[in-house]
>>> print(open('start.cif').read())   # mmCIF, C-alpha atoms
data_my_file
loop_
_atom_site.label_atom_id
_atom_site.label_comp_id
_atom_site.auth_asym_id
_atom_site.auth_seq_id
_atom_site.Cartn_x
_atom_site.Cartn_y
_atom_site.Cartn_z
CA MET E 1 0.00 0.00 0.00
CA SER E 2 1.46 3.36 -0.97
CA HIS E 3 1.29 6.24 1.49
CA GLU E 4 1.15 9.65 -0.13
CA ILE E 5 2.14 12.69 1.88
CA THR E 6 -0.50 15.41 2.31
CA GLY E 7 0.32 18.96 3.41
CA ARG E 8 -1.93 20.65 5.98
CA TYR E 9 -2.08 23.79 8.13
CA VAL E 10 -2.98 24.17 11.79
CA SER E 11 -2.96 27.18 14.10
CA VAL E 12 -0.51 26.85 17.03
CA ASP E 13 0.19 29.84 19.30
CA GLY E 14 -1.86 31.89 16.82
CA THR E 15 0.61 31.01 14.08
CA ARG E 16 -0.29 29.36 10.79
CA THR E 17 1.80 26.20 10.94
CA PHE E 18 2.44 23.80 8.09
CA TYR E 19 2.89 20.04 8.40
CA ASP E 20 3.14 16.99 6.18
CA GLU E 21 1.36 13.80 7.15
CA CYS E 22 0.60 10.30 5.94
CA GLY E 23 -0.68 7.02 7.34
CA ALA E 24 -2.80 6.25 10.37
CA GLY E 25 -2.08 4.95 13.85
CA LEU E 26 0.26 5.98 16.64
CA PRO E 27 1.51 9.49 15.80
CA PHE E 28 5.16 9.83 14.85
CA ILE E 29 6.37 13.45 14.69
CA GLY E 30 9.62 14.47 13.00
CA VAL E 31 11.35 17.81 13.71
CA HIS E 32 13.81 19.19 11.17
CA THR E 33 17.29 20.69 11.44
CA ALA E 34 18.46 24.33 11.56
CA GLY E 35 17.38 26.54 8.66
CA ALA E 36 15.52 23.67 6.99
CA ASP E 37 11.92 22.40 6.84
CA ALA E 38 9.73 19.28 6.83
CA ARG E 39 11.04 18.14 3.43
CA GLU E 40 13.96 16.54 5.26
CA TRP E 41 11.48 13.90 6.48
CA GLN E 42 9.74 13.23 3.15
CA TYR E 43 11.46 9.86 2.63
CA LEU E 44 10.93 8.60 6.18
CA LEU E 45 7.24 9.51 6.61
CA PRO E 46 5.84 6.91 4.15
CA LEU E 47 8.12 4.25 5.65
CA MET E 48 6.76 4.99 9.11
CA ALA E 49 3.22 4.95 7.69
CA GLU E 50 3.90 1.47 6.24
CA ARG E 51 4.80 0.37 9.76
CA GLY E 52 1.47 1.57 11.17
CA TYR E 53 2.19 5.13 12.24
CA HIS E 54 0.41 8.43 11.59
CA ALA E 55 3.62 10.03 10.32
CA ILE E 56 3.90 13.81 10.67
CA ALA E 57 6.63 16.41 10.08
CA LEU E 58 6.14 20.11 10.73
CA ASP E 59 7.81 23.25 9.47
CA LEU E 60 9.03 25.01 12.62
CA PRO E 61 7.90 28.66 13.02
CA GLY E 62 9.69 30.92 10.55
CA HIS E 63 10.69 27.96 8.36
CA GLY E 64 9.19 26.75 5.09
CA ARG E 65 5.48 27.54 5.06
CA SER E 66 5.07 28.30 8.80
CA TYR E 67 5.04 31.92 9.92
CA PRO E 68 7.16 32.93 12.92
CA VAL E 69 5.34 33.52 16.21
CA ASP E 70 4.75 37.29 16.59
CA TRP E 71 7.00 37.80 13.53
CA GLU E 72 10.16 37.00 15.49
CA PRO E 73 12.39 33.94 15.08
CA HIS E 74 12.72 31.60 18.04
CA ARG E 75 16.10 32.13 19.66
CA THR E 76 15.99 29.54 22.46
CA MET E 77 15.58 25.78 22.31
CA HIS E 78 12.88 25.86 24.96
CA GLN E 79 10.75 28.19 22.79
CA HIS E 80 11.07 25.72 19.92
CA ALA E 81 10.45 22.68 22.15
CA GLU E 82 7.34 24.11 23.80
CA PHE E 83 5.98 25.01 20.37
CA VAL E 84 6.55 21.43 19.15
CA HIS E 85 4.82 20.08 22.28
CA ARG E 86 1.79 22.33 21.72
CA PHE E 87 1.77 21.33 18.04
CA ALA E 88 1.65 17.66 19.06
CA GLN E 89 -1.21 18.32 21.49
CA THR E 90 -3.11 20.30 18.86
CA VAL E 91 -2.78 17.83 15.99
CA ARG E 92 -3.27 14.64 18.03
CA PRO E 93 -4.53 15.65 21.51
CA GLY E 94 -3.78 13.08 24.20
CA ALA E 95 -2.28 10.57 21.76
CA ARG E 96 1.23 10.19 23.29
CA PRO E 97 3.24 10.41 20.07
CA VAL E 98 6.69 9.16 19.22
CA LEU E 99 8.77 12.33 18.84
CA ALA E 100 11.95 12.33 16.76
CA GLY E 101 14.11 15.38 16.06
CA CYS E 102 17.38 15.90 14.25
CA SER E 103 20.14 18.41 15.07
CA ILE E 104 18.27 21.34 16.66
CA GLY E 105 15.31 18.94 16.50
CA GLY E 106 17.45 16.50 18.50
CA CYS E 107 18.16 19.19 21.09
CA MET E 108 14.40 19.94 21.17
CA ALA E 109 13.76 16.24 21.77
CA PHE E 110 16.03 16.41 24.85
CA ASP E 111 14.15 19.54 26.00
CA VAL E 112 10.77 17.84 25.54
CA ALA E 113 12.12 14.78 27.39
CA ALA E 114 13.12 17.10 30.25
CA HIS E 115 9.68 18.74 30.53
CA HIS E 116 6.95 16.51 29.05
CA SER E 117 8.21 12.92 28.79
CA ALA E 118 5.06 11.41 30.31
CA ASP E 119 3.11 12.71 27.31
CA TYR E 120 5.18 10.71 24.79
CA THR E 121 5.43 7.02 23.90
CA ALA E 122 9.11 7.43 23.00
CA ILE E 123 11.51 10.26 22.24
CA ILE E 124 14.27 9.96 19.61
CA PRO E 125 16.98 12.69 19.71
CA MET E 126 19.19 12.39 16.62
CA GLU E 127 22.39 14.39 16.11
CA GLY E 128 21.48 16.52 19.13
CA LEU E 129 22.71 17.04 22.68
CA ALA E 130 21.45 17.96 26.13
CA ASP E 131 23.90 20.87 26.05
CA GLY E 132 24.87 22.54 22.78
CA THR E 133 27.34 25.02 24.20
CA PRO E 134 30.74 23.60 23.23
CA ILE E 135 30.03 22.88 19.57
CA LEU E 136 29.60 26.40 18.20
CA PRO E 137 29.83 29.93 19.57
CA HIS E 138 26.60 31.94 19.94
CA PRO E 139 25.96 33.57 16.52
CA GLY E 140 23.68 36.45 17.57
CA GLU E 141 26.06 39.00 16.05
CA ALA E 142 25.53 37.40 12.63
CA GLU E 143 21.71 37.41 12.70
CA ARG E 144 21.04 40.13 10.14
CA PRO E 145 22.32 39.96 6.54
CA ALA E 146 24.05 43.34 6.99
CA TRP E 147 25.96 41.98 9.99
CA SER E 148 27.37 38.90 8.29
CA THR E 149 27.72 38.36 4.58
CA SER E 150 28.77 34.76 5.19
CA TRP E 151 26.07 33.47 7.56
CA LYS E 152 23.67 32.09 4.94
CA PRO E 153 26.26 30.24 2.81
CA PHE E 154 28.03 29.16 6.00
CA LEU E 155 24.91 27.46 7.37
CA GLU E 156 24.01 25.93 4.01
CA PHE E 157 27.45 24.35 3.67
CA ALA E 158 27.72 23.54 7.35
CA ALA E 159 24.76 21.30 6.51
CA VAL E 160 26.10 19.86 3.28
CA GLU E 161 29.61 19.10 4.56
CA SER E 162 28.26 17.17 7.55
CA LEU E 163 26.52 14.57 5.38
CA GLY E 164 27.81 11.03 5.66
CA LYS E 165 30.52 10.20 3.14
CA PRO E 166 28.32 7.95 0.92
CA THR E 167 25.66 10.67 0.58
CA LEU E 168 28.26 13.44 0.18
CA ALA E 169 29.53 11.57 -2.88
CA ASP E 170 26.09 11.88 -4.55
CA PRO E 171 25.81 15.36 -6.20
CA GLU E 172 22.01 15.10 -6.56
CA LYS E 173 21.52 14.44 -2.83
CA VAL E 174 23.94 17.25 -1.97
CA LYS E 175 21.96 19.69 -4.13
CA GLU E 176 18.68 18.51 -2.61
CA LEU E 177 19.92 19.02 0.94
CA TRP E 178 21.24 22.48 0.01
CA TRP E 179 17.81 23.47 -1.35
CA GLN E 180 16.21 22.24 1.88
CA HIS E 181 18.23 24.82 3.84
CA GLN E 182 16.89 28.05 2.37
CA ASN E 183 15.67 29.40 5.75
CA ALA E 184 19.26 29.92 6.77
CA GLN E 185 19.42 33.64 7.62
CA GLN E 186 17.11 34.99 10.37
CA SER E 187 15.37 31.71 11.23
CA GLY E 188 18.45 29.54 10.82
CA ASN E 189 20.53 31.97 12.84
CA GLY E 190 17.90 31.91 15.59
CA ASP E 191 18.11 28.10 15.47
CA ILE E 192 21.86 28.18 16.09
CA GLN E 193 21.46 30.80 18.84
CA ALA E 194 19.08 28.27 20.38
CA TRP E 195 21.65 25.48 19.91
CA ALA E 196 24.46 27.50 21.49
CA SER E 197 22.44 28.51 24.58
CA HIS E 198 20.64 25.17 25.04
CA ASP E 199 21.30 23.27 28.28
CA VAL E 200 18.88 20.84 29.94
CA ARG E 201 21.53 18.66 31.61
CA ASP E 202 20.09 19.28 35.07
CA LEU E 203 16.54 18.36 34.01
CA LEU E 204 16.93 14.84 32.61
CA GLY E 205 16.91 12.78 35.80
CA ASP E 206 13.23 11.88 35.75
CA VAL E 207 12.43 11.01 32.13
CA ARG E 208 9.32 8.79 32.02
CA CYS E 209 9.49 7.36 28.47
CA PRO E 210 12.16 5.41 26.58
CA VAL E 211 14.66 7.55 24.68
CA LEU E 212 16.72 6.40 21.69
CA VAL E 213 19.74 8.65 21.14
CA ILE E 214 21.09 8.37 17.59
CA ALA E 215 24.28 9.78 16.03
CA GLY E 216 26.23 9.11 12.84
CA THR E 217 29.97 8.47 12.78
CA ASP E 218 30.49 10.94 9.90
CA ASP E 219 28.86 13.92 11.63
CA PHE E 220 31.77 16.17 12.64
CA TRP E 221 29.42 18.45 14.60
CA LEU E 222 28.53 15.73 17.13
CA PRO E 223 31.42 14.12 19.02
CA GLU E 224 30.38 10.65 20.22
CA LEU E 225 31.71 11.45 23.69
CA LEU E 226 29.18 14.28 24.09
CA VAL E 227 26.34 12.21 22.62
CA ARG E 228 26.95 9.44 25.17
CA ALA E 229 27.31 11.98 27.99
CA SER E 230 23.87 13.40 27.11
CA ALA E 231 22.29 9.94 27.05
CA GLU E 232 23.85 8.98 30.40
CA LEU E 233 21.98 11.83 32.07
CA ILE E 234 18.72 10.02 31.27
CA GLY E 235 19.88 6.73 32.77
CA GLU E 236 18.21 3.40 32.04
CA GLN E 237 15.47 4.90 29.91
CA ALA E 238 18.07 5.78 27.25
CA GLU E 239 19.75 3.70 24.58
CA VAL E 240 22.45 4.95 22.21
CA ARG E 241 22.94 3.88 18.60
CA ILE E 242 25.98 5.10 16.67
CA LEU E 243 25.46 4.65 12.92
CA ASP E 244 28.37 3.93 10.56
CA ASP E 245 28.66 5.99 7.34
CA ILE E 246 25.87 8.35 8.45
CA GLY E 247 26.30 12.09 8.94
CA HIS E 248 24.03 14.80 10.32
CA TYR E 249 20.84 13.70 8.50
CA PRO E 250 19.94 10.02 9.18
CA MET E 251 16.32 10.41 7.97
CA PHE E 252 17.57 11.83 4.66
CA GLU E 253 20.65 9.62 4.25
CA ASP E 254 19.20 6.17 5.03
CA PRO E 255 15.46 6.40 5.75
CA GLU E 256 14.82 2.65 5.36
CA MET E 257 17.41 1.74 8.00
CA LEU E 258 16.15 4.50 10.32
CA ALA E 259 12.48 3.52 10.01
CA GLY E 260 13.34 -0.03 11.03
CA LEU E 261 15.54 1.16 13.88
CA ILE E 262 12.87 3.46 15.34
CA ASP E 263 10.03 0.99 14.90
CA ASP E 264 12.03 -1.85 16.49
CA PHE E 265 12.89 0.40 19.43
CA VAL E 266 9.30 1.50 19.98
CA ARG E 267 8.01 -2.08 19.83
CA ALA E 268 10.73 -3.37 22.15
CA ARG E 269 10.85 -0.61 24.74
CA ALA E 270 7.71 1.51 24.70
CA VAL E 271 4.28 1.05 26.22
CA VAL E 272 2.19 1.77 23.14
CA PRO E 273 -1.23 3.30 23.88
CA ALA E 274 -4.18 1.03 23.03
CA MET V 1 52.31 21.21 1.36
CA LYS V 2 54.78 23.98 0.42
CA LEU V 3 52.49 26.92 -0.27
CA SER V 4 55.33 29.18 -1.37
CA ASP V 5 56.51 26.72 -4.02
CA PRO V 6 56.11 28.62 -7.35
CA ALA V 7 55.17 25.40 -9.14
CA LEU V 8 52.37 24.69 -6.64
CA GLN V 9 51.16 28.28 -6.95
CA GLU V 10 51.07 28.02 -10.72
CA ARG V 11 49.13 24.74 -10.55
CA LEU V 12 46.71 26.37 -8.11
CA ARG V 13 46.24 29.39 -10.37
CA ALA V 14 45.56 27.18 -13.39
CA ALA V 15 43.15 24.96 -11.46
CA LEU V 16 41.22 27.94 -10.07
CA ASP V 17 40.95 29.52 -13.50
CA ALA V 18 39.53 26.23 -14.78
CA ASP V 19 37.00 26.03 -11.94
CA GLU V 20 33.65 27.34 -13.16
CA GLU V 21 32.17 27.86 -9.69
CA PHE V 22 35.20 29.82 -8.45
CA ALA V 23 35.00 32.01 -11.56
CA GLN V 24 31.25 32.62 -11.04
CA GLU V 25 31.61 33.47 -7.36
CA THR V 26 34.50 35.89 -7.93
CA ARG V 27 32.92 37.50 -11.00
CA TRP V 28 32.47 40.79 -9.09
CA PHE V 29 35.49 40.58 -6.80
CA ASP V 30 38.56 42.80 -7.12
CA GLY V 31 40.92 41.91 -4.32
CA SER V 32 43.59 39.61 -3.03
CA ILE V 33 43.56 36.47 -0.92
CA LEU V 34 46.51 35.43 1.21
CA LEU V 35 46.94 31.76 2.10
CA GLU V 36 49.22 31.09 5.07
CA ALA V 37 50.41 27.67 6.23
CA GLY V 38 52.78 28.30 9.11
CA GLY V 39 55.50 30.47 7.55
CA GLU V 40 54.57 29.55 3.97
CA ARG V 41 52.59 32.08 1.95
CA CYS V 42 50.68 32.25 -1.29
CA TRP V 43 49.19 35.60 -2.31
CA LEU V 44 46.54 35.49 -5.03
CA LYS V 45 45.30 38.57 -6.91
CA VAL V 46 41.76 37.88 -8.11
CA TYR V 47 39.94 40.13 -10.54
CA ARG V 48 36.59 39.44 -12.22
CA GLY V 49 36.63 35.67 -11.95
CA ALA V 50 40.31 35.00 -12.64
CA VAL V 51 43.55 34.75 -10.68
CA ILE V 52 45.64 37.35 -12.50
CA ASP V 53 48.78 37.17 -10.36
CA HIS V 54 50.35 35.18 -7.55
CA LEU V 55 53.31 35.77 -5.23
CA GLU V 56 55.04 33.80 -2.51
CA PHE V 57 55.11 36.92 -0.29
CA VAL V 58 52.73 39.74 0.66
CA PRO V 59 53.16 42.87 -1.48
CA PRO V 60 53.37 46.28 0.26
CA PHE V 61 49.67 46.98 -0.26
CA GLY V 62 48.67 43.87 1.68
CA TYR V 63 45.66 41.64 1.08
CA THR V 64 41.87 41.82 1.25
CA PHE V 65 41.55 38.78 3.54
CA LYS V 66 43.55 35.74 4.44
CA LEU V 67 43.07 32.08 5.31
CA ALA V 68 45.67 31.19 7.91
CA GLY V 69 46.53 28.11 9.91
CA SER V 70 49.32 25.80 10.91
CA ALA V 71 50.83 23.46 8.34
CA ALA V 72 49.24 20.61 10.32
CA ALA V 73 45.75 22.15 10.01
CA TRP V 74 46.11 22.53 6.23
CA ASP V 75 47.33 18.94 6.01
CA LEU V 76 44.08 17.77 7.64
CA LEU V 77 42.24 19.47 4.78
CA VAL V 78 44.54 18.15 2.06
CA ARG V 79 44.31 14.59 3.39
CA GLY V 80 40.50 14.82 3.55
CA GLU V 81 40.45 14.15 7.29
CA ARG V 82 38.48 17.33 8.08
CA THR V 83 36.17 19.50 6.04
CA PHE V 84 36.95 23.18 5.51
CA THR V 85 33.82 24.18 7.47
CA ASP V 86 34.94 22.08 10.41
CA LEU V 87 38.46 23.56 10.36
CA ALA V 88 37.24 27.15 9.91
CA THR V 89 34.45 27.12 12.53
CA PRO V 90 35.14 28.01 16.19
CA GLY V 91 34.00 25.66 18.93
CA SER V 92 35.09 22.43 20.60
CA ARG V 93 34.45 19.29 18.58
CA HIS V 94 37.69 17.29 18.60
CA CYS V 95 38.55 16.63 22.22
CA ASP V 96 39.45 13.43 24.05
CA THR V 97 37.77 14.11 27.40
CA LEU V 98 34.72 15.91 28.74
CA GLU V 99 37.02 18.18 30.76
CA GLU V 100 38.77 19.21 27.56
CA PHE V 101 35.42 20.01 25.92
CA ALA V 102 34.40 22.21 28.85
CA ALA V 103 37.71 24.12 29.12
CA GLU V 104 37.44 27.87 28.50
CA GLY V 105 33.66 27.63 28.27
CA GLY V 106 33.93 25.28 25.34
CA TYR V 107 35.09 28.04 23.01
CA ARG V 108 38.09 27.40 20.77
CA ALA V 109 39.42 29.50 17.92
CA PRO V 110 39.18 27.88 14.47
CA GLU V 111 42.20 25.95 13.20
CA LEU V 112 41.95 27.78 9.87
CA ALA V 113 41.22 31.45 10.57
CA ILE V 114 39.61 33.81 8.05
CA GLU V 115 40.97 37.28 8.84
CA GLY V 116 41.07 40.72 7.25
CA ASN V 117 38.08 42.32 5.55
CA GLY V 118 35.31 40.11 6.96
CA ILE V 119 32.59 41.65 4.82
CA GLU V 120 34.46 40.79 1.63
CA ALA V 121 35.51 37.39 2.97
CA GLY V 122 31.87 36.70 3.86
CA ARG V 123 30.71 37.77 0.42
CA MET V 124 33.29 35.40 -1.05
CA HIS V 125 32.38 32.48 1.26
CA LEU V 126 31.50 30.09 -1.58
CA ALA V 127 34.64 31.13 -3.49
CA ILE V 128 36.65 30.33 -0.35
CA LEU V 129 35.05 26.88 -0.16
CA ARG V 130 35.99 26.27 -3.80
CA LEU V 131 39.49 27.64 -3.20
CA ALA V 132 39.94 25.23 -0.30
CA ALA V 133 38.67 22.27 -2.34
CA VAL V 134 40.86 23.14 -5.34
CA LEU V 135 43.93 23.71 -3.15
CA ALA V 136 43.36 20.36 -1.43
CA ALA V 137 43.18 18.63 -4.82
CA VAL V 138 46.24 20.41 -6.21
CA ALA V 139 48.35 19.83 -3.09
CA ALA V 140 47.38 16.20 -2.54
CA PRO V 141 50.25 13.78 -3.13
CA ALA V 142 50.08 12.09 -6.53
CA PRO V 143 48.75 8.52 -6.25
CA ALA V 144 51.33 5.81 -6.67
CA VAL V 145 51.46 4.53 -10.26
CA ALA V 146 51.19 0.77 -10.64
CA GLY V 147 54.45 -0.63 -11.95
CA ALA V 148 56.42 2.54 -11.19
CA GLY V 149 60.09 1.91 -10.43
CA ARG V 150 60.36 -1.23 -12.49
#
>>> encode(input="start.cif", output="structure tokens")
Amino acid sequence: MSHEITGRYVSVDGTRTFYDECGAGLPFIGVHTAGADAREWQYLLPLMAERGYHAIALDLPGHGRSYPVDWEPHRTMHQHAEFVHRFAQTVRPGARPVLAGCSIGGCMAFDVAAHHSADYTAIIPMEGLADGTPILPHPGEAERPAWSTSWKPFLEFAAVESLGKPTLADPEKVKELWWQHQNAQQSGNGDIQAWASHDVRDLLGDVRCPVLVIAGTDDFWLPELLVRASAELIGEQAEVRILDDIGHYPMFEDPEMLAGLIDDFVRARAVVPA
Amino acid sequence: MKLSDPALQERLRAALDADEEFAQETRWFDGSILLEAGGERCWLKVYRGAVIDHLEFVPPFGYTFKLAGSAAAWDLLVRGERTFTDLATPGSRHCDTLEEFAAEGGYRAPELAIEGNGIEAGRMHLAILRLAAVLAAVAAPAPAVAGAGR
């Protein structure tokens, strides 16, 4: 059975918010990376739908077809994470979704785990950390185009160069990922401000749902040591999977492998709502 | 990599002039780019999409911006062990211990620094990426030829 993706809008925090969806069942929500949009999840959503999920990916505020809240970009991870939580409650109220996020989405997943874990069946932070501070300096001084002529191409190629080596060798996939990162200036800069100031390390001691922490060996932004340190803060609820030949975008680089990995984890570890 | 080697500089000039993306990105650039690897230097005069001169020293009127790092940092690029973005971005990503990551608030200067006129360097960011890729290709050791030395 084929699962076609349908685009929809919903109002969250008074903001017209776009999301893609397909399938029916337990909600699975994907959150994209900095300066990007829901297209990063387009290959994974049908695969999750095949496995019995209502697969959803949203454009974060100020990205793709979603307006920013009050016409300002989010500049903290907690702003983003609370928005994602309210989005989940609005689209599928009370349904305890599986939440997966990548990069800033991965950091948001840690933030949601810190504040709302009982409302989720499982949480999957990918290429994200509980504390983003050491990876990059805070880029607030580069937010406006007049302040930094390099910010937009920097973020676009910071994305491209962190692909896994097999995907980086495919010019078509490189171009596609580059075109997915055309929200790089104000919104993307706000995303990285959020990354650089994000820290929920002291809030992860009481996570109530299983957490699968995923990172690729080819992602130079995410040292494995820091990924494992973030997972250890969650304790027994957390598992870590380090993926060979994968970079910063597992759902884009090998969606089939990732769909199986997530589904197996949910079936093995989670208490799925009836 | 011996950046000041005139033969390497000439190969770099030729390779950049043959690179369509570098030519497109520098189409409206009139300036000079200094490459520094330790004490080795390569000064490139770029005008309207072409490298029109190169020197192994800095002329009296200086440079528009420079890419500078240790010879070891450039070797990481040439050998393909690190990407240019990784080498040129501040932050702590290559440490052996958590204490090392946390030192100095986690902030570390980039191993390849972009210095000088930051507005022009920013405007030329894609040209810099191409320059780094072309330099890495030109400076890479030639692969061993099967049967050589017989």
>>> closest_residue(input="start.cif", among="V:Leu12, V:Ala109, V:Ala136, V:Ile33", to="chain E", atoms="only C-alpha atoms")
V:Ala109
>>> residues_around(input="start.cif", residues="Arg11 (chain V)", least_positions_apart="6", cutoff="10 Å", atoms="all atoms listed in the file", output="MDAnalysis selection string")
chainID V and resid 17 134:135 138:139
>>> write_last_selection(input="start.cif", atoms="C-alpha atoms", output="PDB file, in the coordinates of the input")
ATOM      1  CA  ASP V  17      40.950  29.520 -13.500  1.00  0.00           C
ATOM      2  CA  VAL V 134      40.860  23.140  -5.340  1.00  0.00           C
ATOM      3  CA  LEU V 135      43.930  23.710  -3.150  1.00  0.00           C
ATOM      4  CA  VAL V 138      46.240  20.410  -6.210  1.00  0.00           C
ATOM      5  CA  ALA V 139      48.350  19.830  -3.090  1.00  0.00           C
TER       6      ALA V 139
END
>>> residues_around(input="start.cif", residues="region 74-78 of chain V", least_positions_apart="3", cutoff="6 Å", atoms="all atoms listed in the file", output="PyMOL selection string")
chain V and resi 71+81-82+136+140
>>> resolve_selection(input="start.cif", expression="the PyMOL selection byres ((chain V) within 12 of (chain E))", output="ChimeraX atom specification")
/V:25,80-110,114,117-130,133
>>> closest_residue(input="start.cif", among="E:Ala238, E:Val69, E:Met251, E:Ala194", to="Glu40 (chain E)", atoms="only C-alpha atoms")
E:Met251
>>> atom_distance(input="start.cif", atom1="CA of Ala100 (chain E)", atom2="CA of His85 (chain E)")
11.9 Å
>>> residues_around(input="start.cif", residues="region 51-59 of chain V", least_positions_apart="6", cutoff="9 Å", atoms="all atoms listed in the file", output="list in words")
Leu3, Ser4, Asp5, Pro6, Gln9, Glu10, Arg13, Ala14, Leu16, Asp17, Leu34, Glu40, Arg41, Cys42, Trp43, Leu44 and Lys45 of chain V
>>> resolve_selection(input="start.cif", expression="the PyMOL selection byres ((chain E and resi 30) around 6)", output="ChimeraX atom specification")
/E:29,31,57,100-101
>>> atom_distance(input="start.cif", atom1="CA of His32 (chain E)", atom2="CA of His63 (chain E)")
9.7 Å
>>> atom_distance(input="start.cif", atom1="CA of Pro210 (chain E)", atom2="CA of Cys102 (chain E)")
17.0 Å
>>> residues_near_point(input="start.cif", point="(32.1, 9.2, 6.0)", cutoff="10 Å", atoms="all atoms listed in the file", output="list in words")
Ser162, Leu163, Gly164, Lys165, Pro166, Thr167, Leu168, Ala169, Gly216, Thr217, Asp218, Asp219, Phe220, Asp244, Asp245, Ile246 and Gly247 of chain E; Glu81 of chain V
